[in-house]
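Text of input12.tsv, listed as TSV, C-alpha atoms:
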```
chain	number	residue	atom	x	y	z
A	1	MET	CA	-86.71	-108.57	82.24
A	2	ALA	CA	-85.74	-105.03	81.47
A	3	GLY	CA	-83.54	-103.62	78.77
A	4	GLU	CA	-82.77	-100.28	77.21
A	5	GLY	CA	-86.15	-99.04	76.12
A	6	GLY	CA	-87.70	-102.28	77.30
A	7	THR	CA	-90.21	-102.86	80.02
A	8	LEU	CA	-90.05	-104.99	83.10
A	9	MET	CA	-92.19	-108.11	82.67
A	10	GLU	CA	-93.69	-110.07	85.50
A	11	ALA	CA	-93.68	-113.86	85.17
A	12	SER	CA	-97.48	-113.73	84.84
A	13	GLN	CA	-97.15	-111.49	81.76
A	14	MET	CA	-94.86	-113.89	79.94
A	15	SER	CA	-96.02	-116.46	77.42
A	16	GLU	CA	-98.06	-119.36	78.75
A	17	GLY	CA	-96.15	-121.85	76.58
A	18	THR	CA	-93.88	-124.62	77.75
A	19	PRO	CA	-90.58	-123.32	79.16
A	20	LEU	CA	-87.68	-125.00	77.38
A	21	TYR	CA	-84.73	-123.25	79.02
A	22	SER	CA	-84.18	-120.95	81.95
A	23	ALA	CA	-81.12	-118.84	82.62
A	24	GLU	CA	-79.60	-117.02	85.56
A	25	LEU	CA	-76.69	-114.62	85.54
A	26	ILE	CA	-74.95	-114.77	88.90
A	27	GLN	CA	-72.28	-112.41	90.19
A	28	GLU	CA	-69.84	-114.01	92.60
A	29	ASP	CA	-66.56	-112.54	93.78
A	30	GLY	CA	-66.50	-110.06	90.90
A	31	ALA	CA	-67.03	-112.75	88.23
A	32	TYR	CA	-70.20	-113.41	86.25
A	33	LYS	CA	-71.53	-116.94	85.90
A	34	LEU	CA	-74.28	-117.89	83.45
A	35	VAL	CA	-76.32	-120.92	84.48
A	36	VAL	CA	-78.64	-122.35	81.80
A	37	THR	CA	-81.11	-125.09	82.64
A	38	ASP	CA	-82.53	-127.29	79.88
A	39	ARG	CA	-85.96	-128.03	81.32
A	40	LEU	CA	-86.76	-130.86	78.91
A	41	ARG	CA	-83.55	-132.83	79.46
A	42	HIS	CA	-83.09	-131.77	83.09
A	43	THR	CA	-79.50	-130.69	82.50
A	44	VAL	CA	-77.58	-127.61	83.64
A	45	GLN	CA	-74.67	-125.91	81.90
A	46	THR	CA	-72.52	-123.22	83.46
A	47	ALA	CA	-70.14	-120.77	81.82
A	48	TYR	CA	-68.20	-117.79	83.08
A	49	VAL	CA	-69.03	-114.66	81.09
A	50	PRO	CA	-66.76	-111.63	80.61
A	51	ARG	CA	-68.01	-108.36	82.08
A	52	ARG	CA	-68.10	-106.78	78.62
A	53	ALA	CA	-70.58	-109.44	77.44
A	54	VAL	CA	-72.76	-108.83	80.50
A	55	GLU	CA	-72.75	-105.09	79.76
A	56	GLN	CA	-73.92	-105.79	76.20
A	57	LEU	CA	-76.87	-108.01	77.20
A	58	PRO	CA	-79.46	-105.18	77.03
A	59	THR	CA	-78.30	-104.34	73.49
A	60	PHE	CA	-78.42	-107.99	72.44
A	61	LEU	CA	-81.91	-108.42	73.90
A	62	SER	CA	-83.10	-105.28	72.07
A	63	LYS	CA	-81.84	-106.73	68.81
A	64	LEU	CA	-83.64	-110.01	69.47
A	65	ASN	CA	-86.86	-108.09	70.11
A	66	ALA	CA	-86.52	-105.79	67.09
A	67	LYS	CA	-89.13	-106.33	64.40
A	68	GLN	CA	-86.59	-105.98	61.58
A	69	THR	CA	-83.77	-108.13	62.93
A	70	SER	CA	-81.60	-109.27	60.07
A	71	GLY	CA	-80.26	-112.78	60.32
A	72	PHE	CA	-83.15	-114.03	62.44
A	73	ARG	CA	-86.17	-115.69	60.92
A	74	GLN	CA	-89.43	-113.95	61.77
A	75	PRO	CA	-92.47	-116.11	62.65
```
I'd like the structure from this file rewritten - as structure tokens, please.
Amino acid sequence: MAGEGGTLMEASQMSEGTPLYSAELIQEDGAYKLVVTDRLRHTVQTAYVPRRAVEQLPTFLSKLNAKQTSGFRQP
């Protein structure tokens, strides 16, 4: 994944833990569709996402990765 100021990570560089969810953002006919797979329950949920939300994904991911994120519990 890549974000503003982030780096592209290969799958081999990611955590070796158990994947719980996977997500794909698909563009079709000018619309954006988010497909989330729950790998433990073997279920899939789909939602259409506004373009503005898609444009803000890098910012949201940066906030999740920030060391001093307020509102999120740090391990």
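Atom pair CA of Pro50 in chain A / CA of Tyr32 in chain A: separated by 6.8 Å.
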Within 8 Å of Tyr21 in chain A, counting all atoms listed in the file, which residues show up once you throw out same-chain ones fewer than 5 positions away? Write them as a short mmCIF file (atom, residue, chain, number, x, y, z; two decimals) with C-alpha atoms, in the coordinates of the input, please.
```
data_model
loop_
_atom_site.label_atom_id
_atom_site.label_comp_id
_atom_site.auth_asym_id
_atom_site.auth_seq_id
_atom_site.Cartn_x
_atom_site.Cartn_y
_atom_site.Cartn_z
CA VAL A 36 -78.64 -122.35 81.80
CA THR A 37 -81.11 -125.09 82.64
CA ASP A 38 -82.53 -127.29 79.88
CA ARG A 39 -85.96 -128.03 81.32
CA LEU A 40 -86.76 -130.86 78.91
#
```
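The spacing separating CA of Asp29 in chain A from CA of Ala53 in chain A amounts to 17.1 Å.
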Take the point (-73.9, -123.6, 83.0) as written in the file and pick out every residue within 9 Å of it, counting all atoms listed in the file; give the list as a PyMOL selection string. chain A and resi 23+33-37+44-48
Please, what distance in Å, to one decimal, runs between CA of Gly17 in chain A and CA of Ala66 in chain A?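 CA of Gly17 in chain A sits 21.0 Å away from CA of Ala66 in chain A.
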Test item: axis-aligned box, all listed atoms of range 20-29 of chain A, 8 Å on each side, centre and edges in Å rounded to one decimal, as lines of an AutoDock Vina configuration file:
```
center_x = -77.1
center_y = -118.7
center_z = 85.6
size_x = 37.1
size_y = 28.6
size_z = 32.4
```
